[in-house]
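Heads up, start.csv below (CSV, C-alpha atoms):
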chain,number,residue,atom,x,y,z
A,30,SER,CA,0.0,0.0,0.0
A,31,GLU,CA,1.0,3.6,-0.4
A,32,GLY,CA,1.3,4.1,3.3
A,33,VAL,CA,3.8,1.2,3.6
A,34,LYS,CA,5.9,2.5,0.8
A,35,GLU,CA,6.0,6.0,2.3
A,36,GLN,CA,7.0,4.6,5.7
A,37,ALA,CA,9.7,2.4,4.1
A,38,ALA,CA,11.0,5.3,2.0
A,39,MET,CA,11.2,7.4,5.2
A,40,LEU,CA,13.1,4.7,7.0
A,41,THR,CA,15.5,4.2,4.1
A,42,ARG,CA,16.3,7.9,4.1
A,43,ARG,CA,17.0,7.8,7.8
A,44,LEU,CA,19.3,4.9,7.3
A,45,GLN,CA,21.1,6.8,4.5
A,46,LYS,CA,21.6,9.6,6.9
A,47,ASN,CA,23.0,7.4,9.7
A,48,SER,CA,23.4,3.7,9.0
A,49,ASN,CA,24.2,3.1,12.7
A,50,TRP,CA,20.9,4.4,13.9
A,51,ILE,CA,18.4,1.7,13.0
A,52,THR,CA,14.8,2.3,14.1
A,53,PHE,CA,13.7,-1.3,14.2
A,54,ARG,CA,11.4,-0.5,17.1
A,55,LEU,CA,9.4,2.0,15.1
A,56,ALA,CA,9.2,-0.3,12.1
A,57,ILE,CA,8.0,-3.3,14.2
A,58,THR,CA,5.6,-1.4,16.3
A,59,ARG,CA,3.8,-0.1,13.2
A,60,SER,CA,3.9,-3.4,11.3
A,61,VAL,CA,0.3,-4.4,12.1
A,62,ASN,CA,0.4,-7.4,9.7
A,63,MET,CA,2.9,-9.8,8.3
A,64,LYS,CA,3.0,-8.4,4.8
A,65,HIS,CA,3.6,-4.9,6.2
A,66,LEU,CA,6.5,-6.2,8.3
A,67,ILE,CA,8.1,-8.1,5.3
A,68,VAL,CA,8.0,-5.0,3.1
A,69,THR,CA,9.4,-2.8,5.9
A,70,VAL,CA,12.2,-5.2,6.7
A,71,THR,CA,13.1,-5.7,3.1
A,72,LEU,CA,13.5,-2.0,2.6
A,73,LEU,CA,15.4,-1.6,5.8
A,74,LEU,CA,17.9,-4.1,4.5
A,75,ALA,CA,18.0,-2.3,1.2
A,76,GLY,CA,18.8,0.8,3.2
A,77,ILE,CA,21.6,-1.0,5.1
A,78,SER,CA,23.3,-2.2,1.9
A,79,MET,CA,23.4,1.3,0.5
A,80,PRO,CA,26.7,3.2,1.1
A,81,ALA,CA,26.7,5.9,3.7
A,82,TYR,CA,27.8,8.4,1.2
A,83,ALA,CA,24.6,7.8,-0.8
A,84,GLN,CA,24.0,11.6,-1.2
A,85,PHE,CA,27.1,11.6,-3.4
A,86,ALA,CA,27.2,9.8,-6.7
A,87,LYS,CA,30.5,8.2,-5.9
A,88,ALA,CA,33.2,8.2,-3.1
A,89,GLU,CA,35.4,10.4,-5.3
A,90,ASP,CA,32.7,13.1,-5.2
A,91,ALA,CA,32.4,12.9,-1.4
A,92,ILE,CA,36.2,13.3,-1.1
A,93,LYS,CA,36.3,16.2,-3.5
A,94,TYR,CA,33.3,17.8,-1.6
A,95,ARG,CA,34.9,17.7,1.8
A,96,GLN,CA,38.3,18.9,0.4
A,97,SER,CA,36.5,21.7,-1.4
A,98,ALA,CA,34.5,22.8,1.6
A,99,LEU,CA,37.6,22.7,3.8
A,100,PHE,CA,39.7,24.7,1.2
A,101,VAL,CA,37.1,27.4,1.0
A,102,MET,CA,36.9,27.6,4.8
A,103,GLY,CA,40.7,27.7,5.0
A,104,GLN,CA,41.0,30.6,2.6
A,105,HIS,CA,38.6,32.7,4.6
A,106,PHE,CA,40.2,31.7,7.9
A,107,THR,CA,43.6,32.5,6.5
A,108,ARG,CA,42.5,36.1,6.1
A,109,LEU,CA,41.4,36.3,9.7
A,110,ALA,CA,44.6,34.7,10.8
A,111,GLY,CA,46.5,37.3,8.7
A,112,MET,CA,44.7,40.1,10.5
A,113,ALA,CA,45.3,38.6,13.9
A,114,GLN,CA,49.0,38.2,13.1
A,115,GLY,CA,49.3,41.7,11.7
A,116,LYS,CA,50.1,40.5,8.2
A,117,ILE,CA,46.9,42.1,6.8
A,118,PRO,CA,45.6,45.4,8.0
A,119,PHE,CA,42.7,44.9,10.4
A,120,ASP,CA,39.4,45.7,8.8
A,121,ALA,CA,36.4,45.0,11.0
A,122,LYS,CA,33.9,44.7,8.1
A,123,ALA,CA,36.2,42.2,6.2
A,124,ALA,CA,36.8,40.3,9.5
A,125,ALA,CA,33.1,39.9,10.1
A,126,ASP,CA,32.4,38.9,6.5
A,127,ASN,CA,35.1,36.3,6.5
A,128,ALA,CA,34.1,34.9,9.8
A,129,ALA,CA,30.5,34.5,8.7
A,130,VAL,CA,31.7,32.4,5.7
A,131,VAL,CA,34.0,30.4,7.9
A,132,GLU,CA,31.0,29.6,10.2
A,133,SER,CA,28.7,28.5,7.4
A,134,MET,CA,31.4,26.5,5.7
A,135,SER,CA,32.4,24.7,9.0
A,136,LYS,CA,29.2,22.7,8.9
A,137,LEU,CA,29.7,21.2,5.5
A,138,PRO,CA,32.7,19.0,5.2
A,139,TRP,CA,31.5,16.2,7.6
A,140,ALA,CA,28.9,14.8,5.2
A,141,GLY,CA,31.8,13.9,2.9
A,142,PHE,CA,33.4,11.6,5.4
A,143,GLY,CA,30.9,8.8,5.2
A,144,GLU,CA,31.7,5.1,5.4
A,145,GLY,CA,33.4,3.9,2.2
A,146,THR,CA,35.0,7.3,1.5
A,147,ASN,CA,38.4,6.3,2.9
A,148,GLN,CA,39.5,5.6,-0.7
A,149,GLY,CA,38.3,6.2,-4.2
A,150,GLY,CA,39.9,9.6,-4.6
A,151,ASN,CA,43.0,11.6,-3.8
A,152,THR,CA,42.6,11.8,0.0
A,153,LYS,CA,44.9,12.5,2.9
A,154,ALA,CA,42.4,11.3,5.5
A,155,LYS,CA,43.9,8.8,7.9
A,156,PRO,CA,42.1,5.5,8.6
A,157,GLU,CA,41.5,6.8,12.1
A,158,VAL,CA,38.7,9.0,10.7
A,159,TRP,CA,36.7,5.8,10.4
A,160,SER,CA,38.4,3.5,13.0
A,161,ASP,CA,38.2,6.1,15.7
A,162,ASN,CA,35.1,8.0,14.4
A,163,ALA,CA,33.9,9.1,17.8
A,164,LYS,CA,37.2,11.0,18.4
A,165,PHE,CA,37.0,12.5,14.8
A,166,LYS,CA,33.5,13.7,15.4
A,167,GLU,CA,34.6,15.2,18.7
A,168,ALA,CA,37.4,17.0,16.9
A,169,ALA,CA,34.9,18.3,14.3
A,170,ASP,CA,32.5,19.5,17.0
A,171,LYS,CA,35.3,21.3,18.8
A,172,MET,CA,36.2,23.1,15.6
A,173,MET,CA,32.6,24.1,14.9
A,174,ALA,CA,32.1,25.4,18.5
A,175,GLU,CA,35.3,27.5,18.3
A,176,VAL,CA,34.1,28.9,14.9
A,177,VAL,CA,30.8,30.0,16.4
A,178,LYS,CA,32.9,32.0,19.0
A,179,LEU,CA,35.1,33.3,16.2
A,180,ASN,CA,32.2,34.6,14.3
A,181,THR,CA,30.9,36.4,17.5
A,182,ALA,CA,34.4,37.8,18.2
A,183,ALA,CA,34.8,39.0,14.6
A,184,LYS,CA,31.5,41.0,14.9
A,185,THR,CA,32.8,42.9,18.0
A,186,GLY,CA,35.1,44.9,15.7
A,187,LYS,CA,37.9,44.5,18.4
A,188,LEU,CA,41.2,43.1,17.1
A,189,ASP,CA,42.1,41.6,20.5
A,190,ASP,CA,38.9,39.6,20.5
A,191,LEU,CA,39.7,38.4,17.0
A,192,LYS,CA,43.2,37.4,18.0
A,193,SER,CA,42.1,35.2,20.9
A,194,ALA,CA,39.4,33.5,18.8
A,195,VAL,CA,41.7,32.9,15.8
A,196,SER,CA,44.2,31.3,18.1
A,197,ALA,CA,41.6,29.0,19.7
A,198,THR,CA,40.1,28.1,16.3
A,199,GLY,CA,43.6,27.5,14.8
A,200,GLY,CA,44.3,25.0,17.7
A,201,THR,CA,41.3,22.9,16.7
A,202,CYS,CA,42.3,22.9,13.0
A,203,LYS,CA,45.8,21.7,14.0
A,204,ASN,CA,44.5,19.1,16.4
A,205,CYS,CA,42.3,17.5,13.8
A,206,HIS,CA,45.0,17.7,11.1
A,207,ASP,CA,47.6,16.2,13.4
A,208,ASN,CA,45.4,13.3,14.3
A,209,PHE,CA,43.4,12.7,11.2
A,210,ARG,CA,45.2,13.9,8.1
A,211,ASN,CA,48.4,12.6,6.6
A,212,LYS,CA,51.1,15.2,5.7
B,47,SER,CA,51.5,61.0,10.4
B,48,GLU,CA,49.1,58.3,11.7
B,49,GLY,CA,46.1,59.9,10.0
B,50,VAL,CA,47.8,59.8,6.6
B,51,LYS,CA,48.9,56.2,7.0
B,52,GLU,CA,45.4,55.2,8.0
B,53,GLN,CA,43.9,57.0,5.0
B,54,ALA,CA,46.4,55.5,2.6
B,55,ALA,CA,45.8,52.0,4.1
B,56,MET,CA,42.1,52.5,3.6
B,57,LEU,CA,42.6,53.5,-0.1
B,58,THR,CA,44.9,50.6,-0.7
B,59,ARG,CA,42.3,48.2,0.6
B,60,ARG,CA,39.7,49.7,-1.6
B,61,LEU,CA,42.0,49.3,-4.6
B,62,GLN,CA,42.6,45.7,-3.7
B,63,LYS,CA,38.8,45.1,-3.7
B,64,ASN,CA,38.4,46.8,-7.1
B,65,SER,CA,41.4,48.1,-8.9
B,66,ASN,CA,39.2,49.8,-11.5
B,67,TRP,CA,37.6,52.1,-8.9
B,68,ILE,CA,40.2,54.7,-8.1
B,69,THR,CA,39.2,57.4,-5.7
B,70,PHE,CA,41.8,60.0,-6.7
B,71,ARG,CA,39.3,62.7,-6.0
B,72,LEU,CA,39.0,61.8,-2.3
B,73,ALA,CA,42.8,61.5,-2.0
B,74,ILE,CA,43.5,64.8,-3.6
B,75,THR,CA,40.7,66.7,-1.8
B,76,ARG,CA,42.1,65.6,1.6
B,77,SER,CA,45.7,66.2,0.7
B,78,VAL,CA,46.2,69.5,2.4
B,79,ASN,CA,49.9,69.6,1.9
B,80,MET,CA,52.5,68.3,-0.5
B,81,LYS,CA,53.9,65.7,1.8
B,82,HIS,CA,50.5,64.3,2.5
B,83,LEU,CA,49.8,64.1,-1.3
B,84,ILE,CA,53.0,62.3,-2.0
B,85,VAL,CA,52.4,59.7,0.6
B,86,THR,CA,48.9,59.1,-0.6
B,87,VAL,CA,49.8,58.8,-4.2
B,88,THR,CA,52.7,56.5,-3.5
B,89,LEU,CA,50.4,54.2,-1.6
B,90,LEU,CA,47.7,54.5,-4.3
B,91,LEU,CA,50.3,53.4,-6.9
B,92,ALA,CA,51.4,50.5,-4.6
B,93,GLY,CA,47.7,49.5,-4.6
B,94,ILE,CA,47.5,49.6,-8.4
B,95,SER,CA,50.5,47.4,-8.9
B,96,MET,CA,49.1,44.7,-6.6
B,97,PRO,CA,47.3,41.8,-8.4
B,98,ALA,CA,43.5,41.9,-8.3
B,99,TYR,CA,43.5,38.5,-6.6
B,100,ALA,CA,45.5,39.9,-3.7
B,101,GLN,CA,43.2,38.3,-1.2
B,102,PHE,CA,44.7,35.0,-2.4
B,103,ALA,CA,48.3,34.1,-1.9
B,104,LYS,CA,48.7,33.1,-5.6
B,105,ALA,CA,46.6,32.7,-8.7
B,106,GLU,CA,46.5,28.9,-8.2
B,107,ASP,CA,44.7,29.4,-4.9
B,108,ALA,CA,42.1,31.7,-6.5
B,109,ILE,CA,41.5,29.1,-9.2
B,110,LYS,CA,41.1,26.3,-6.6
B,111,TYR,CA,38.9,28.5,-4.5
B,112,ARG,CA,36.4,29.3,-7.3
B,113,GLN,CA,36.4,25.6,-8.4
B,114,SER,CA,35.8,24.4,-4.8
B,115,ALA,CA,33.0,26.9,-4.2
B,116,LEU,CA,31.3,25.9,-7.5
B,117,PHE,CA,31.8,22.2,-6.8
B,118,VAL,CA,30.2,22.4,-3.3
B,119,MET,CA,27.3,24.5,-4.8
B,120,GLY,CA,26.9,22.0,-7.6
B,121,GLN,CA,26.7,19.0,-5.3
B,122,HIS,CA,23.9,20.6,-3.3
B,123,PHE,CA,22.1,21.8,-6.5
B,124,THR,CA,22.3,18.3,-7.9
B,125,ARG,CA,20.2,17.0,-5.0
B,126,LEU,CA,17.6,19.6,-5.7
B,127,ALA,CA,17.7,18.7,-9.4
B,128,GLY,CA,17.4,15.0,-8.5
B,129,MET,CA,14.2,15.7,-6.5
B,130,ALA,CA,12.8,17.9,-9.3
B,131,GLN,CA,13.4,15.1,-11.8
B,132,GLY,CA,12.0,12.4,-9.5
B,133,LYS,CA,15.4,10.6,-9.2
B,134,ILE,CA,15.5,11.3,-5.4
B,135,PRO,CA,12.3,11.2,-3.3
B,136,PHE,CA,11.1,14.7,-2.6
B,137,ASP,CA,11.9,15.7,1.0
B,138,ALA,CA,10.8,19.3,1.9
B,139,LYS,CA,13.3,19.6,4.7
B,140,ALA,CA,16.3,18.3,2.7
B,141,ALA,CA,15.2,20.6,-0.2
B,142,ALA,CA,15.2,23.7,2.0
B,143,ASP,CA,18.5,22.7,3.6
B,144,ASN,CA,20.2,22.2,0.2
B,145,ALA,CA,18.8,25.3,-1.3
B,146,ALA,CA,20.1,27.4,1.7
B,147,VAL,CA,23.6,26.0,1.1
B,148,VAL,CA,23.3,26.7,-2.7
B,149,GLU,CA,22.3,30.3,-2.0
B,150,SER,CA,25.2,31.0,0.4
B,151,MET,CA,27.7,29.2,-1.9
B,152,SER,CA,26.5,31.2,-4.9
B,153,LYS,CA,28.0,34.4,-3.6
B,154,LEU,CA,31.6,33.0,-3.2
B,155,PRO,CA,33.1,31.9,-6.5
B,156,TRP,CA,33.4,35.3,-8.2
B,157,ALA,CA,36.1,36.6,-5.9
B,158,GLY,CA,38.3,33.9,-7.4
B,159,PHE,CA,38.0,35.3,-11.0
B,160,GLY,CA,40.2,38.3,-10.5
B,161,GLU,CA,42.6,39.7,-13.1
B,162,GLY,CA,45.6,37.4,-13.5
B,163,THR,CA,43.7,34.2,-12.6
B,164,ASN,CA,43.2,33.2,-16.2
B,165,GLN,CA,46.3,31.0,-15.8
B,166,GLY,CA,48.5,29.6,-13.0
B,167,GLY,CA,46.3,26.6,-12.2
B,168,ASN,CA,44.2,23.9,-13.8
B,169,THR,CA,41.4,26.1,-15.1
B,170,LYS,CA,38.7,25.5,-17.7
B,171,ALA,CA,37.7,29.2,-17.7
B,172,LYS,CA,37.6,30.7,-21.2
B,173,PRO,CA,39.5,34.0,-21.9
B,174,GLU,CA,36.0,35.6,-22.3
B,175,VAL,CA,35.7,35.7,-18.5
B,176,TRP,CA,38.2,38.5,-18.6
B,177,SER,CA,37.9,39.9,-22.2
B,178,ASP,CA,34.1,40.1,-21.9
B,179,ASN,CA,33.9,40.6,-18.1
B,180,ALA,CA,30.7,42.6,-18.1
B,181,LYS,CA,28.9,39.7,-19.8
B,182,PHE,CA,30.4,37.3,-17.3
B,183,LYS,CA,29.3,39.4,-14.4
B,184,GLU,CA,25.8,39.6,-15.9
B,185,ALA,CA,25.7,35.8,-16.1
B,186,ALA,CA,26.9,35.5,-12.5
B,187,ASP,CA,24.3,38.0,-11.4
B,188,LYS,CA,21.5,36.1,-13.2
B,189,MET,CA,22.5,32.9,-11.5
B,190,MET,CA,22.6,34.5,-8.1
B,191,ALA,CA,19.1,36.0,-8.7
B,192,GLU,CA,17.6,32.7,-9.7
B,193,VAL,CA,19.2,31.0,-6.7
B,194,VAL,CA,17.5,33.5,-4.4
B,195,LYS,CA,14.2,32.4,-6.0
B,196,LEU,CA,15.2,28.8,-5.7
B,197,ASN,CA,15.8,29.2,-2.0
B,198,THR,CA,12.3,30.8,-1.6
B,199,ALA,CA,10.7,28.0,-3.7
B,200,ALA,CA,12.4,25.3,-1.7
B,201,LYS,CA,11.0,26.7,1.5
B,202,THR,CA,7.4,26.5,0.3
B,203,GLY,CA,7.6,22.7,0.6
B,204,LYS,CA,5.8,22.4,-2.8
B,205,LEU,CA,7.5,20.1,-5.3
B,206,ASP,CA,6.1,22.0,-8.3
B,207,ASP,CA,7.6,25.3,-7.0
B,208,LEU,CA,10.9,23.5,-6.7
B,209,LYS,CA,10.7,22.1,-10.2
B,210,SER,CA,10.2,25.5,-11.8
B,211,ALA,CA,13.0,27.1,-9.8
B,212,VAL,CA,15.4,24.2,-10.5
B,213,SER,CA,14.7,24.6,-14.2
B,214,ALA,CA,15.3,28.3,-14.2
B,215,THR,CA,18.5,28.1,-12.1
B,216,GLY,CA,19.8,25.2,-14.2
B,217,GLY,CA,19.4,27.4,-17.3
B,218,THR,CA,21.7,30.0,-15.8
B,219,CYS,CA,24.3,27.4,-14.9
B,220,LYS,CA,24.2,26.1,-18.5
B,221,ASN,CA,24.3,29.6,-20.0
B,222,CYS,CA,27.5,30.5,-18.0
B,223,HIS,CA,29.2,27.1,-18.7
B,224,ASP,CA,28.4,27.4,-22.4
B,225,ASN,CA,29.8,30.8,-22.8
B,226,PHE,CA,32.6,30.9,-20.2
B,227,ARG,CA,33.9,27.4,-19.5
B,228,ASN,CA,35.8,25.0,-21.8
B,229,LYS,CA,34.4,21.4,-22.0
Would you mind writing the file out in structure tokens?
Amino acid sequence: SEGVKEQAAMLTRRLQKNSNWITFRLAITRSVNMKHLIVTVTLLLAGISMPAYAQFAKAEDAIKYRQSALFVMGQHFTRLAGMAQGKIPFDAKAAADNAAVVESMSKLPWAGFGEGTNQGGNTKAKPEVWSDNAKFKEAADKMMAEVVKLNTAAKTGKLDDLKSAVSATGGTCKNCHDNFRNK
Amino acid sequence: SEGVKEQAAMLTRRLQKNSNWITFRLAITRSVNMKHLIVTVTLLLAGISMPAYAQFAKAEDAIKYRQSALFVMGQHFTRLAGMAQGKIPFDAKAAADNAAVVESMSKLPWAGFGEGTNQGGNTKAKPEVWSDNAKFKEAADKMMAEVVKLNTAAKTGKLDDLKSAVSATGGTCKNCHDNFRNK
């Protein structure tokens, strides 16, 4: 029935988003008859067999995507670092603009690190991204948290605030590169 | 004096942003004595001699930047196109999320097309980007305008609205690629 298809499609999408989070409970509770249950479980399994990077056509695209997002973010962060280090004249408007881009970019790369994207393209990512994924996610979260503070600091128009925030953010970049990226 | 330095620094920054827009008038009006005028003009000339891609360390970075921003945008747009074409199940939340990223990304690539970035990296950009720059800017503006509409359409939660907006936006992608990008 249409309802079953819709429910199965929804579950498949959820699995694509996070293959570790399997909502069997929901599927089973709602499966009021055997046919319903069979359809649901079949589609759940179809979902499980799909790669975690399903939103990308191939692993190479996921790799290129995360590298692109990190490169764009890096270029804007470099300008803030340049101001903090006195290499570029401090410009409050430019600082705020660059920090805003850094913050919006900081959310993107992680979708490109799905299971199966450890190879298939020119990547420097260490195997630990996947073998120690909890630590990798923690490192990503730390970066994003510092970037939120960086964006706030850049909007104050005070160079000293920017300096502190650039330093804290830079530390999270380094931490993640040291642990999860080959030279 | 400190005031002269500040004024000159400000003018240099303006020139870096747009080397075609030279505010001699402002500089000369404010130059109340000869020393002041000399310092200002010297720094104006220093600004003129800097490459238009000065916010990037080298042309290669500008090229990689614009390609990265366009690739990230393209990945998110592809998902919207997939929904519009029925290749991906329509998901109103995902559509809105992807369109928001497309809109924020659409503003970025253009800074990477400064004078002097026609070579120095692996670029497919045609010489017309620079030789017919007004037309290129017009094409970029059209794309950005359609992307704003796309973002609005994606937020309505109506697939038909998304379809129209994807089609209109896709036309502006194609137009710019046909005229300004080698195959």
For each of B:Lys110, B:Lys181, B:Lys220, B:Lys104, take the minimum atom-to-atom distance to chain A, counting all atoms listed in the file, then give the residue where this is smallest.
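Closest to chain A, using all atoms listed in the file: B:Lys110.
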Determine, using all atoms listed in the file, which residues of chain B have any atom at most 9 Å from an atom of chain A, and tabulate each with its shortest atom pair and distance in Å to one decimal place, rows ordered by chain and then rising number, as a Markdown table.
| residue | atom | partner | partner_atom | distance |
| --- | --- | --- | --- | --- |
| B:Ala55 | CA | A:Pro118 | CA | 7.7 |
| B:Met56 | CA | A:Asp120 | CA | 9.0 |
| B:Arg59 | CA | A:Pro118 | CA | 8.6 |
| B:Gln101 | CA | A:Arg108 | CA | 7.7 |
| B:Phe102 | CA | A:Gln104 | CA | 7.6 |
| B:Asp107 | CA | A:Gln104 | CA | 8.4 |
| B:Lys110 | CA | A:Phe100 | CA | 8.1 |
| B:Tyr111 | CA | A:Val101 | CA | 5.9 |
| B:Arg112 | CA | A:Val101 | CA | 8.5 |
| B:Gln113 | CA | A:Ser97 | CA | 8.0 |
| B:Ser114 | CA | A:Ser97 | CA | 4.4 |
| B:Ala115 | CA | A:Val101 | CA | 6.6 |
| B:Phe117 | CA | A:Tyr94 | CA | 7.0 |
| B:Val118 | CA | A:Tyr94 | CA | 5.8 |
| B:Gln121 | CA | A:Phe85 | CA | 7.7 |
| B:Arg125 | CA | A:Gln84 | CA | 7.6 |
| B:Pro135 | CA | A:Ala38 | CA | 8.0 |
| B:Val147 | CA | A:Ser133 | CA | 8.5 |
| B:Ser150 | CA | A:Ser133 | CA | 8.2 |
| B:Met151 | CA | A:Met134 | CA | 8.9 |
| B:Leu154 | CA | A:Val101 | CA | 8.9 |
Enter the distance from atom CA of Ala142 of chain B to atom CA of Leu208 of chain B, in Å, rounded to one decimal.
9.7 Å
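Excluding Lys170 of chain B and any residue on its chain fewer than 2 positions from it, the residues at most 10 Å away by only C-alpha atoms are B:Ile109, B:Gln113, B:Asn164, B:Gln165, B:Gly167, B:Asn168, B:Lys172, B:Pro173, B:His223, B:Phe226, B:Arg227, B:Asn228, B:Lys229.
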Test item: residues at most 12 Å from Gly186 of chain A, all atoms listed in the file, excluding those fewer than 4 positions along its chain, as a PDB file with C-alpha atoms, in the frame of the given file:
ATOM      1  CA  MET A 112      44.700  40.100  10.500  1.00  0.00           C
ATOM      2  CA  PHE A 119      42.700  44.900  10.400  1.00  0.00           C
ATOM      3  CA  ASP A 120      39.400  45.700   8.800  1.00  0.00           C
ATOM      4  CA  ALA A 121      36.400  45.000  11.000  1.00  0.00           C
ATOM      5  CA  LYS A 122      33.900  44.700   8.100  1.00  0.00           C
ATOM      6  CA  ALA A 123      36.200  42.200   6.200  1.00  0.00           C
ATOM      7  CA  ALA A 124      36.800  40.300   9.500  1.00  0.00           C
ATOM      8  CA  ALA A 125      33.100  39.900  10.100  1.00  0.00           C
ATOM      9  CA  ASP A 126      32.400  38.900   6.500  1.00  0.00           C
ATOM     10  CA  ALA A 128      34.100  34.900   9.800  1.00  0.00           C
ATOM     11  CA  LEU A 179      35.100  33.300  16.200  1.00  0.00           C
ATOM     12  CA  ASN A 180      32.200  34.600  14.300  1.00  0.00           C
ATOM     13  CA  THR A 181      30.900  36.400  17.500  1.00  0.00           C
ATOM     14  CA  ALA A 182      34.400  37.800  18.200  1.00  0.00           C
ATOM     15  CA  ASP A 190      38.900  39.600  20.500  1.00  0.00           C
ATOM     16  CA  LEU A 191      39.700  38.400  17.000  1.00  0.00           C
ATOM     17  CA  LYS A 192      43.200  37.400  18.000  1.00  0.00           C
TER      18      LYS A 192
END
Straight-line distance linking atom CA of Asp207 of chain A with atom CA of Ala129 of chain A, stated in Å to one decimal:
25.5 Å
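Of note, atom CA of Val176 of chain A and atom CA of Glu132 of chain A are spaced 5.7 Å apart.
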